[in-house]
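*Asks:* Next up, model.cif (mmCIF, C-alpha atoms).
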data_my_file
#
loop_
_atom_site.label_atom_id
_atom_site.label_comp_id
_atom_site.auth_asym_id
_atom_site.auth_seq_id
_atom_site.Cartn_x
_atom_site.Cartn_y
_atom_site.Cartn_z
CA VAL A 1 6.48 -17.29 -8.23
CA ASN A 2 8.40 -20.43 -7.22
CA ASP A 3 10.73 -20.01 -10.20
CA PRO A 4 12.39 -16.56 -10.26
CA ALA A 5 13.58 -17.27 -13.81
CA THR A 6 10.01 -16.77 -15.00
CA TYR A 7 10.15 -13.07 -14.10
CA ALA A 8 13.82 -12.37 -14.73
CA GLY A 9 14.17 -8.84 -16.04
CA ALA A 10 10.75 -7.73 -14.80
CA ASP A 11 10.42 -4.29 -13.25
CA VAL A 12 7.25 -5.11 -11.32
CA VAL A 13 5.59 -8.40 -10.42
CA ILE A 14 1.95 -8.35 -9.34
CA ILE A 15 0.86 -11.09 -7.00
CA GLY A 16 -2.48 -11.82 -5.35
CA ALA A 17 -2.90 -12.71 -1.68
CA PRO A 18 -6.55 -13.82 -1.39
CA PHE A 19 -6.59 -14.08 2.40
CA ASP A 20 -9.22 -12.64 4.75
CA GLY A 21 -8.83 -14.92 7.74
CA GLY A 22 -7.80 -11.99 9.90
CA THR A 23 -10.93 -9.88 9.55
CA SER A 24 -12.69 -8.66 12.67
CA HIS A 25 -15.94 -7.44 11.07
CA ARG A 26 -17.01 -8.15 7.47
CA PRO A 27 -15.11 -10.81 5.50
CA GLY A 28 -14.86 -10.87 1.71
CA ALA A 29 -11.43 -9.37 0.94
CA ARG A 30 -10.31 -12.80 -0.25
CA PHE A 31 -12.12 -11.88 -3.48
CA GLY A 32 -10.16 -8.62 -3.74
CA PRO A 33 -7.37 -9.78 -6.08
CA MET A 34 -9.86 -11.04 -8.66
CA ALA A 35 -11.92 -7.85 -8.47
CA LEU A 36 -8.87 -5.58 -8.71
CA ARG A 37 -7.66 -7.35 -11.85
CA GLN A 38 -11.06 -7.28 -13.55
CA ALA A 39 -12.16 -3.74 -12.67
CA CYS A 40 -11.27 -1.92 -15.86
CA TYR A 41 -13.37 -0.89 -18.84
CA LEU A 42 -10.35 -0.39 -21.12
CA PRO A 43 -9.26 -2.95 -23.75
CA GLN A 44 -7.05 -5.80 -22.59
CA ASP A 45 -4.33 -4.87 -25.08
CA GLY A 46 -1.40 -4.39 -22.73
CA SER A 47 -1.55 -0.60 -22.94
CA ARG A 48 -2.51 2.00 -20.35
CA PRO A 49 -1.32 5.45 -21.49
CA SER A 50 -1.57 7.95 -18.64
CA LEU A 51 -3.18 11.20 -19.74
CA ALA A 52 -1.56 13.12 -16.88
CA LEU A 53 1.92 11.58 -16.92
CA ARG A 54 2.40 10.94 -20.66
CA VAL A 55 3.76 7.43 -20.12
CA ASP A 56 2.35 3.98 -20.79
CA ALA A 57 3.29 1.97 -17.72
CA LEU A 58 2.41 -1.43 -19.17
CA ARG A 59 4.71 -0.79 -22.12
CA ASP A 60 7.38 1.43 -20.58
CA LEU A 61 7.86 -1.02 -17.70
CA ARG A 62 7.97 -4.81 -17.78
CA VAL A 63 5.03 -5.72 -15.56
CA LEU A 64 4.16 -9.37 -14.97
CA ASP A 65 1.33 -11.01 -13.04
CA ALA A 66 2.40 -14.09 -11.09
CA GLY A 67 -1.13 -15.08 -10.11
CA ASP A 68 -2.24 -15.75 -6.54
CA VAL A 69 -0.47 -17.26 -3.57
CA GLU A 70 -2.37 -20.29 -2.31
CA CYS A 71 -4.05 -19.16 0.90
CA TYR A 72 -6.44 -20.88 3.25
CA SER A 73 -8.23 -18.63 5.71
CA GLY A 74 -8.34 -21.41 8.29
CA ASP A 75 -4.54 -21.53 8.38
CA VAL A 76 -3.39 -18.03 9.25
CA GLU A 77 0.27 -18.73 9.94
CA GLY A 78 0.66 -21.05 6.95
CA SER A 79 -0.90 -18.49 4.63
CA LEU A 80 1.30 -15.69 5.96
CA GLU A 81 4.42 -17.82 5.54
CA ALA A 82 3.49 -18.60 1.92
CA ILE A 83 2.87 -14.93 1.15
CA GLU A 84 6.14 -13.79 2.74
CA SER A 85 8.11 -16.42 0.86
CA ALA A 86 6.61 -15.38 -2.48
CA VAL A 87 7.09 -11.64 -1.85
CA HIS A 88 10.66 -12.15 -0.68
CA ARG A 89 11.58 -14.12 -3.80
CA ILE A 90 10.24 -11.34 -6.00
CA ALA A 91 11.95 -8.54 -4.06
CA ALA A 92 15.24 -10.44 -3.80
CA SER A 93 15.36 -10.64 -7.59
CA GLY A 94 15.50 -6.84 -7.75
CA THR A 95 11.87 -6.58 -8.82
CA VAL A 96 9.16 -4.48 -7.13
CA PRO A 97 6.35 -6.68 -5.75
CA ILE A 98 2.83 -5.24 -5.81
CA VAL A 99 0.51 -7.35 -3.69
CA LEU A 100 -3.24 -7.45 -4.20
CA GLY A 101 -5.07 -8.21 -0.96
CA GLY A 102 -6.70 -9.67 0.92
CA ASP A 103 -7.20 -8.17 4.36
CA HIS A 104 -4.53 -6.10 6.07
CA THR A 105 -3.12 -9.06 7.98
CA ILE A 106 -0.94 -9.54 4.90
CA ALA A 107 0.98 -6.33 5.57
CA LEU A 108 3.18 -8.36 7.90
CA PRO A 109 4.46 -10.82 5.25
CA ASP A 110 4.34 -8.24 2.45
CA ALA A 111 6.49 -5.61 4.15
CA ARG A 112 8.70 -8.11 5.97
CA GLY A 113 9.34 -10.11 2.81
CA THR A 114 10.29 -6.92 0.98
CA ALA A 115 12.48 -5.56 3.77
CA ARG A 116 14.34 -8.87 4.13
CA ALA A 117 15.49 -8.58 0.52
CA HIS A 118 17.40 -5.38 1.30
CA GLU A 119 19.84 -4.02 3.86
CA PRO A 120 18.39 -4.48 7.38
CA GLY A 121 16.80 -1.42 8.96
CA ARG A 122 16.85 0.65 5.76
CA THR A 123 13.22 0.26 4.64
CA SER A 124 10.57 2.68 5.90
CA MET A 125 6.77 2.41 5.69
CA ILE A 126 4.10 4.78 4.42
CA HIS A 127 0.72 3.45 5.46
CA PHE A 128 -2.64 4.82 4.24
CA ASP A 129 -5.46 3.67 6.49
CA ALA A 130 -8.39 4.73 8.64
CA HIS A 131 -6.96 2.50 11.37
CA ALA A 132 -3.53 2.25 12.98
CA ASP A 133 -3.51 -1.58 12.90
CA THR A 134 -1.22 -1.62 15.93
CA GLY A 135 -3.35 -3.77 18.24
CA ASN A 136 -1.77 -6.57 20.21
CA ILE A 137 -4.07 -9.54 20.78
CA ALA A 138 -7.54 -9.79 19.27
CA PHE A 139 -9.90 -12.73 19.73
CA GLY A 140 -7.02 -14.53 21.40
CA HIS A 141 -4.69 -14.24 18.40
CA LEU A 142 -1.50 -12.34 17.61
CA TYR A 143 -2.31 -12.18 13.89
CA GLY A 144 -5.19 -10.29 12.34
CA HIS A 145 -5.93 -7.23 10.29
CA GLY A 146 -5.82 -4.97 13.34
CA GLN A 147 -2.33 -6.05 14.43
CA PRO A 148 0.14 -6.31 11.51
CA MET A 149 1.91 -3.01 12.12
CA ARG A 150 2.75 -3.95 15.71
CA ARG A 151 4.04 -7.32 14.56
CA LEU A 152 6.13 -5.64 11.85
CA ILE A 153 7.78 -3.26 14.27
CA GLU A 154 8.32 -5.99 16.86
CA SER A 155 9.99 -8.15 14.19
CA GLY A 156 12.50 -5.40 13.43
CA ALA A 157 11.60 -5.38 9.74
CA ILE A 158 10.43 -1.75 9.91
CA ARG A 159 11.54 0.86 12.45
CA GLY A 160 8.78 2.46 14.48
CA ASP A 161 10.32 5.90 14.02
CA ARG A 162 10.23 5.46 10.25
CA PHE A 163 6.61 4.36 10.17
CA LEU A 164 4.30 7.03 8.72
CA GLN A 165 0.51 6.62 8.88
CA ILE A 166 -1.82 8.77 6.77
CA GLY A 167 -5.58 9.20 7.17
CA LEU A 168 -6.28 7.79 10.64
CA ARG A 169 -9.64 8.63 12.21
CA GLY A 170 -12.56 7.22 14.15
CA TYR A 171 -12.83 5.56 17.55
CA TRP A 172 -9.92 3.16 17.83
CA PRO A 173 -7.32 2.39 19.16
CA GLU A 174 -7.60 2.68 22.91
CA PRO A 175 -5.10 4.71 25.03
CA GLU A 176 -2.89 1.69 25.80
CA THR A 177 -2.22 1.09 22.11
CA LEU A 178 -1.67 4.79 21.45
CA GLU A 179 0.92 4.81 24.24
CA TRP A 180 2.66 1.82 22.64
CA MET A 181 2.80 3.73 19.36
CA ALA A 182 4.18 6.83 21.06
CA ARG A 183 6.95 4.84 22.75
CA ARG A 184 8.06 3.63 19.33
CA ASN A 185 7.99 7.17 17.91
CA MET A 186 5.47 6.33 15.21
CA ARG A 187 4.12 9.34 13.30
CA SER A 188 0.41 9.34 12.50
CA TYR A 189 -1.42 12.00 10.49
CA GLU A 190 -5.02 11.93 11.71
CA MET A 191 -7.62 13.38 9.35
CA THR A 192 -8.10 16.54 11.41
CA GLU A 193 -4.41 17.38 10.99
CA ILE A 194 -4.57 16.61 7.27
CA VAL A 195 -7.60 18.92 6.85
CA THR A 196 -5.98 21.69 8.92
CA ARG A 197 -2.46 21.59 7.44
CA GLY A 198 -3.27 20.25 3.99
CA LEU A 199 -2.48 16.83 2.59
CA ASP A 200 0.48 18.03 0.48
CA GLU A 201 2.24 19.56 3.48
CA CYS A 202 1.70 16.43 5.57
CA LEU A 203 3.03 14.21 2.77
CA THR A 204 6.12 16.37 2.26
CA GLU A 205 6.92 16.12 5.96
CA ALA A 206 6.30 12.37 5.95
CA PHE A 207 8.62 11.90 2.96
CA ALA A 208 11.49 13.61 4.79
CA ILE A 209 11.05 11.32 7.79
CA ALA A 210 10.72 8.22 5.62
CA LEU A 211 14.02 8.88 3.83
CA ASP A 212 15.99 9.79 6.95
CA GLU A 213 18.47 6.91 7.38
CA CYS A 214 16.38 4.74 5.01
CA ASP A 215 16.97 3.96 1.35
CA ARG A 216 13.55 2.77 0.22
CA ILE A 217 9.92 2.58 1.28
CA PHE A 218 7.14 0.06 1.38
CA LEU A 219 3.76 1.56 0.48
CA SER A 220 0.67 0.09 2.14
CA VAL A 221 -2.74 1.25 0.92
CA ASP A 222 -5.77 0.13 2.87
CA ILE A 223 -8.69 1.20 0.69
CA ASP A 224 -10.66 2.23 3.78
CA VAL A 225 -8.42 5.29 4.04
CA CYS A 226 -10.99 6.76 1.67
CA ASP A 227 -14.41 7.88 2.81
CA PRO A 228 -16.99 5.08 2.41
CA GLY A 229 -18.72 7.22 -0.21
CA HIS A 230 -15.60 6.68 -2.35
CA ALA A 231 -14.82 3.11 -1.21
CA PRO A 232 -17.91 1.33 0.14
CA GLY A 233 -16.63 -2.17 -0.58
CA THR A 234 -14.45 -2.73 2.45
CA GLY A 235 -14.67 -4.63 5.69
CA THR A 236 -14.41 -1.82 8.26
CA PRO A 237 -15.66 1.43 6.67
CA GLU A 238 -15.05 4.64 8.61
CA PRO A 239 -16.71 7.94 7.57
CA GLY A 240 -14.69 11.10 7.05
CA GLY A 241 -11.73 9.87 5.03
CA LEU A 242 -9.76 10.92 1.98
CA SER A 243 -11.40 11.32 -1.39
CA ALA A 244 -10.51 9.02 -4.26
CA ARG A 245 -8.75 11.94 -5.94
CA GLN A 246 -6.62 12.64 -2.86
CA LEU A 247 -5.53 9.02 -2.64
CA LEU A 248 -4.60 8.83 -6.32
CA ASP A 249 -2.64 12.09 -6.13
CA SER A 250 -0.83 10.86 -3.02
CA VAL A 251 0.16 7.56 -4.60
CA ARG A 252 1.39 9.42 -7.68
CA ARG A 253 3.62 11.65 -5.57
CA ILE A 254 5.01 8.75 -3.55
CA CYS A 255 5.85 6.56 -6.52
CA TYR A 256 7.42 9.44 -8.43
CA GLU A 257 9.33 11.11 -5.62
CA LEU A 258 10.37 8.13 -3.48
CA PRO A 259 12.21 4.84 -4.11
CA VAL A 260 9.37 2.33 -3.70
CA ALA A 261 10.62 -1.20 -3.02
CA GLY A 262 7.20 -2.80 -2.60
CA MET A 263 3.51 -2.02 -2.38
CA GLU A 264 0.17 -3.50 -1.41
CA VAL A 265 -3.51 -2.59 -1.90
CA VAL A 266 -5.70 -4.29 0.67
CA GLU A 267 -9.18 -4.55 2.15
CA VAL A 268 -11.12 -4.37 -1.11
CA ALA A 269 -14.16 -6.53 -0.29
CA PRO A 270 -16.35 -7.01 -3.39
CA PRO A 271 -19.42 -8.38 -1.53
CA TYR A 272 -20.02 -4.88 -0.10
CA ASP A 273 -19.13 -2.92 -3.21
CA HIS A 274 -21.59 -0.96 -5.32
CA ALA A 275 -21.16 -0.64 -9.08
CA ASP A 276 -17.51 -1.71 -8.63
CA ILE A 277 -16.71 1.69 -7.06
CA THR A 278 -14.08 0.32 -4.69
CA ALA A 279 -12.56 -2.18 -7.09
CA LEU A 280 -12.22 0.51 -9.75
CA LEU A 281 -10.47 2.79 -7.30
CA GLY A 282 -8.10 0.03 -6.21
CA ASN A 283 -7.33 -0.78 -9.85
CA ARG A 284 -6.51 2.86 -10.52
CA VAL A 285 -4.34 3.12 -7.39
CA ILE A 286 -2.16 0.40 -8.89
CA LEU A 287 -2.12 1.97 -12.35
CA GLU A 288 -1.27 5.37 -10.85
CA ALA A 289 1.63 3.82 -8.97
CA LEU A 290 2.94 2.08 -12.10
CA SER A 291 2.59 5.22 -14.20
CA ALA A 292 4.47 7.31 -11.64
CA MET A 293 7.25 4.70 -11.52
CA ALA A 294 7.49 4.82 -15.32
CA ARG A 295 7.61 8.64 -15.27
CA ARG A 296 10.32 8.56 -12.60
CA ARG A 297 12.39 6.16 -14.69
CA ALA A 298 12.01 8.29 -17.81
CA ASP A 299 13.07 11.42 -15.96
CA ASP A 300 15.96 9.65 -14.24
CA ALA A 301 17.20 8.70 -17.70
CA GLY A 302 17.74 12.35 -18.56
CA GLY A 303 14.42 14.10 -18.73
CA PRO A 304 13.78 17.22 -16.66
CA ARG A 305 12.45 16.61 -13.17
CA TRP A 306 8.76 17.17 -12.71
CA ASP A 307 6.55 18.26 -9.85
CA PRO A 308 3.81 15.60 -9.77
CA ARG A 309 1.39 18.18 -8.38
CA GLN A 310 1.63 20.18 -11.60
CA PRO A 311 0.27 19.25 -15.05
CA LEU A 312 2.66 18.21 -17.77
CA LEU A 313 2.92 20.43 -20.80
CA ASP A 314 1.69 19.19 -24.15
CA GLY A 315 4.36 17.33 -26.02
CA ARG A 316 6.47 16.55 -22.94
#
Output the structure of this file as structure tokens.

*Replies:*
Amino acid sequence: VNDPATYAGADVVIIGAPFDGGTSHRPGARFGPMALRQACYLPQDGSRPSLALRVDALRDLRVLDAGDVECYSGDVEGSLEAIESAVHRIAASGTVPIVLGGDHTIALPDARGTARAHEPGRTSMIHFDAHADTGNIAFGHLYGHGQPMRRLIESGAIRGDRFLQIGLRGYWPEPETLEWMARRNMRSYEMTEIVTRGLDECLTEAFAIALDECDRIFLSVDIDVCDPGHAPGTGTPEPGGLSARQLLDSVRRICYELPVAGMEVVEVAPPYDHADITALLGNRVILEALSAMARRRADDAGGPRWDPRQPLLDGR
């Protein structure tokens, strides 16, 4: 990562951020990057043809893996600075960084490093999570996995009124934090609204907001947006979330329909996983994103536009 020449011409650079020093409940997400890379039963032959999208992302795109940023959970600020520096170098080269977490503390350096590489104020955020992550001070600290979205907005890297949260539920945050979010005009789609209106309708509305006065998005996927039955290996599981299928379909739509400048998958904690359920899902979230990016590129090059909610025809 320190030498941009090593990934010159890449479309996507994958980088690991094995940091879980910001967890408030169960640690273990530092092992997420390793688990996400290994969770695949398919041959390691550099090919992943998508049955649904009729592309092979690992061949149609130039995807490189830059390894892991050196992180030490006892040094929160030092780790976050190292992650932001690495992500910024990748994004500034015109490449899309995909960060493997790690707990959600890393959203601050991931999104800020990406946004800094582009025109100020023109990057929006789509954030899948059970939790808003907009707390202020926890355990006496400004940095942790319950606070990165507040820090991001305070830093000016992402506008509060272009910050879309999908899948919130449960019993946090408290009224004071909700009031802070309202004052910044954040838009959150709690699970009851998603069930009532339908996920597709909520996403379509979120897309329109995200692209209003913004040119690109950063996609943050906290794996606990899914119900613990679909993603048990995470630090703060919350019942009643999205299904694995809903998350994959959502990521496909986002990466096909929207200009994604950067992405992260966080909070995969292998010590609490069963039969690699969560790691497999996280692995497929990344592959779905890459495949949708490859499909978007192919269609931008002259193919007919496609509705990612509809199946492709044979031979397309």

*Asks:* Expressed in Å to a single decimal, how great is the separation between CA of Ile223 in chain A and CA of Leu100 in chain A?

*Replies:* 11.3 Å

*Asks:* Closest to Glu193 in chain A among A:Leu36, A:Ile166, A:Ala92, A:Leu142, using all atoms listed in the file?

*Replies:* A:Ile166

*Asks:* Could you check how far CA of Asp103 in chain A sits from CA of Arg187 in chain A, in Å to one decimal?

*Replies:*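 That distance, rounded to one decimal, is 22.7 Å.
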
*Asks:* For this structure, which residues satisfy the selection - the PyMOL selection byres ((chain A and resi 16) around 10) - when it is evaluated on the file as given? I want them as a PyMOL selection string.

*Replies:* chain A and resi 14-15+17-19+30-34+36-37+65-71+83+98-102+264-265

*Asks:* Create the file for the chosen residues now, containing C-alpha atoms and written as an mmCIF file, keeping the file's coordinate frame.

*Replies:*
data_model
loop_
_atom_site.group_PDB
_atom_site.id
_atom_site.type_symbol
_atom_site.label_atom_id
_atom_site.label_comp_id
_atom_site.auth_asym_id
_atom_site.auth_seq_id
_atom_site.Cartn_x
_atom_site.Cartn_y
_atom_site.Cartn_z
ATOM 1 C CA ILE A 14 1.950 -8.350 -9.340
ATOM 2 C CA ILE A 15 0.860 -11.090 -7.000
ATOM 3 C CA ALA A 17 -2.900 -12.710 -1.680
ATOM 4 C CA PRO A 18 -6.550 -13.820 -1.390
ATOM 5 C CA PHE A 19 -6.590 -14.080 2.400
ATOM 6 C CA ARG A 30 -10.310 -12.800 -0.250
ATOM 7 C CA PHE A 31 -12.120 -11.880 -3.480
ATOM 8 C CA GLY A 32 -10.160 -8.620 -3.740
ATOM 9 C CA PRO A 33 -7.370 -9.780 -6.080
ATOM 10 C CA MET A 34 -9.860 -11.040 -8.660
ATOM 11 C CA LEU A 36 -8.870 -5.580 -8.710
ATOM 12 C CA ARG A 37 -7.660 -7.350 -11.850
ATOM 13 C CA ASP A 65 1.330 -11.010 -13.040
ATOM 14 C CA ALA A 66 2.400 -14.090 -11.090
ATOM 15 C CA GLY A 67 -1.130 -15.080 -10.110
ATOM 16 C CA ASP A 68 -2.240 -15.750 -6.540
ATOM 17 C CA VAL A 69 -0.470 -17.260 -3.570
ATOM 18 C CA GLU A 70 -2.370 -20.290 -2.310
ATOM 19 C CA CYS A 71 -4.050 -19.160 0.900
ATOM 20 C CA ILE A 83 2.870 -14.930 1.150
ATOM 21 C CA ILE A 98 2.830 -5.240 -5.810
ATOM 22 C CA VAL A 99 0.510 -7.350 -3.690
ATOM 23 C CA LEU A 100 -3.240 -7.450 -4.200
ATOM 24 C CA GLY A 101 -5.070 -8.210 -0.960
ATOM 25 C CA GLY A 102 -6.700 -9.670 0.920
ATOM 26 C CA GLU A 264 0.170 -3.500 -1.410
ATOM 27 C CA VAL A 265 -3.510 -2.590 -1.900
#

*Asks:* Using the chain letters and numbers from the file, give me the residues hit by the PyMOL selection byres ((chain A and resi 201-209) around 9), as a PyMOL selection string.

*Replies:* chain A and resi 124+126+161-166+187+189+193-194+197-200+210-214+250+253-254+257-258

*Asks:* If I take CA of Leu80 in chain A and CA of Pro270 in chain A, how far is one from the other in Å, to one decimal?

*Replies:*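 Distance reported for this atom pair: 21.8 Å.
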
*Asks:* For Ser220 in chain A, which of A:Gly78, A:Pro109, A:Gly170, A:Gly28 is the closest residue, counting only C-alpha atoms?

*Replies:*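 So, comparing all the options, the nearest one is A:Pro109.
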
*Asks:* Show which residues sit within 12 Å of Phe139 in chain A, as JSON, numbers by chain. Count all atoms listed in the file, and ignore same-chain residues fewer than 6 positions away.

*Replies:* {"A": [22, 23, 24, 25, 145, 146, 147]}

*Asks:* Hey, what comes out of the PyMOL selection byres ((chain A and resi 260) around 7) on this file? Could you write it as a PyMOL selection string?

*Replies:* chain A and resi 216-218+255+258-259+261-262

*Asks:* Could you tell me which of A:Asp11, A:Asp273, A:Asp227, A:Asp299 comes closest to Leu53 in chain A if we count all atoms listed in the file?

*Replies:*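 For Leu53 in chain A, the nearest of the candidates is A:Asp299.
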
*Asks:* Between A:Val266, A:Leu64, A:Ala39, A:Ala244, single out the one closest to Ala10 in chain A, counting all atoms listed in the file.

*Replies:* A:Leu64

*Asks:* Which residues, protein or nucleic acid, reach to within 8 Å of (12.2, 5.3, 21.0) in the file's coordinates when using all atoms listed in the file, and can you give that as a CSV table (one decimal) with C-alpha atoms, in the frame of the given file?

*Replies:*
chain,number,residue,atom,x,y,z
A,160,GLY,CA,8.8,2.5,14.5
A,161,ASP,CA,10.3,5.9,14.0
A,183,ARG,CA,7.0,4.8,22.8
A,184,ARG,CA,8.1,3.6,19.3
A,185,ASN,CA,8.0,7.2,17.9

*Asks:* When you count all atoms listed in the file, which of these residues is closest to Gly9 in chain A: A:His88, A:Arg62, A:Gly46, A:Thr196?

*Replies:*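 Among the listed residues, the smallest separation from Gly9 in chain A belongs to A:Arg62.
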
*Asks:* Please work out which residues fall within 12 Å of (12.9, -7.0, 12.8), coordinates as given in the file, with all atoms listed in the file counting, and return them as JSON, numbers by chain.

*Replies:* {"A": [108, 109, 111, 112, 113, 115, 116, 119, 120, 121, 122, 123, 149, 150, 151, 152, 153, 154, 155, 156, 157, 158, 159, 160]}

*Asks:* Can you work out which one of A:Ser85, A:Gln246, A:Ser79, A:Gln44 has the shortest atom-to-atom distance to Val285 in chain A, counting only C-alpha atoms?

*Replies:*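 Between A:Ser85, A:Gln246, A:Ser79, A:Gln44, the residue approaching Val285 in chain A most closely is A:Gln246.
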
*Asks:* I'd like the contact shell of Arg26 in chain A - 8 Å cut-off, all atoms listed in the file, skipping same-chain residues fewer than 6 positions apart - returned as a list of chain:residue names.

*Replies:*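 The neighbour list is A:Thr234, A:Gly235, A:Thr236.
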
*Asks:* With 6 Å added on each side, what axis-aligned box encloses every listed atom of range 9-23 of chain A? Give the centre and edge lengths in Å to one decimal, as lines of an AutoDock Vina configuration file.

*Replies:*
center_x = 1.6
center_y = -9.6
center_z = -3.1
size_x = 37.1
size_y = 22.6
size_z = 37.9

*Asks:* Rebuild range 72-85 of chain A to N, CA and C atoms - output it as a tab-separated table (two decimals), in the frame of the given file, please.

*Replies:*
chain	number	residue	atom	x	y	z
A	72	TYR	N	-5.28	-20.24	2.64
A	72	TYR	CA	-6.44	-20.88	3.25
A	72	TYR	C	-6.74	-20.11	4.53
A	73	SER	N	-7.92	-19.51	4.59
A	73	SER	CA	-8.23	-18.63	5.71
A	73	SER	C	-8.22	-19.35	7.05
A	74	GLY	N	-8.38	-20.66	7.05
A	74	GLY	CA	-8.34	-21.41	8.29
A	74	GLY	C	-6.93	-21.65	8.80
A	75	ASP	N	-5.94	-21.34	7.99
A	75	ASP	CA	-4.54	-21.53	8.38
A	75	ASP	C	-3.83	-20.19	8.26
A	76	VAL	N	-3.93	-19.38	9.30
A	76	VAL	CA	-3.39	-18.03	9.25
A	76	VAL	C	-1.88	-18.06	9.09
A	77	GLU	N	-1.20	-18.76	9.97
A	77	GLU	CA	0.27	-18.73	9.94
A	77	GLU	C	0.81	-19.35	8.66
A	78	GLY	N	0.20	-20.44	8.19
A	78	GLY	CA	0.66	-21.05	6.95
A	78	GLY	C	0.47	-20.13	5.76
A	79	SER	N	-0.65	-19.42	5.71
A	79	SER	CA	-0.90	-18.49	4.63
A	79	SER	C	0.10	-17.34	4.66
A	80	LEU	N	0.37	-16.80	5.85
A	80	LEU	CA	1.30	-15.69	5.96
A	80	LEU	C	2.72	-16.11	5.57
A	81	GLU	N	3.10	-17.32	5.93
A	81	GLU	CA	4.42	-17.82	5.54
A	81	GLU	C	4.53	-17.95	4.02
A	82	ALA	N	3.47	-18.45	3.38
A	82	ALA	CA	3.49	-18.60	1.92
A	82	ALA	C	3.58	-17.25	1.23
A	83	ILE	N	2.84	-16.26	1.74
A	83	ILE	CA	2.87	-14.93	1.15
A	83	ILE	C	4.25	-14.31	1.31
A	84	GLU	N	4.81	-14.39	2.52
A	84	GLU	CA	6.14	-13.79	2.74
A	84	GLU	C	7.19	-14.42	1.85
A	85	SER	N	7.14	-15.74	1.71
A	85	SER	CA	8.11	-16.42	0.86
A	85	SER	C	8.02	-15.95	-0.58
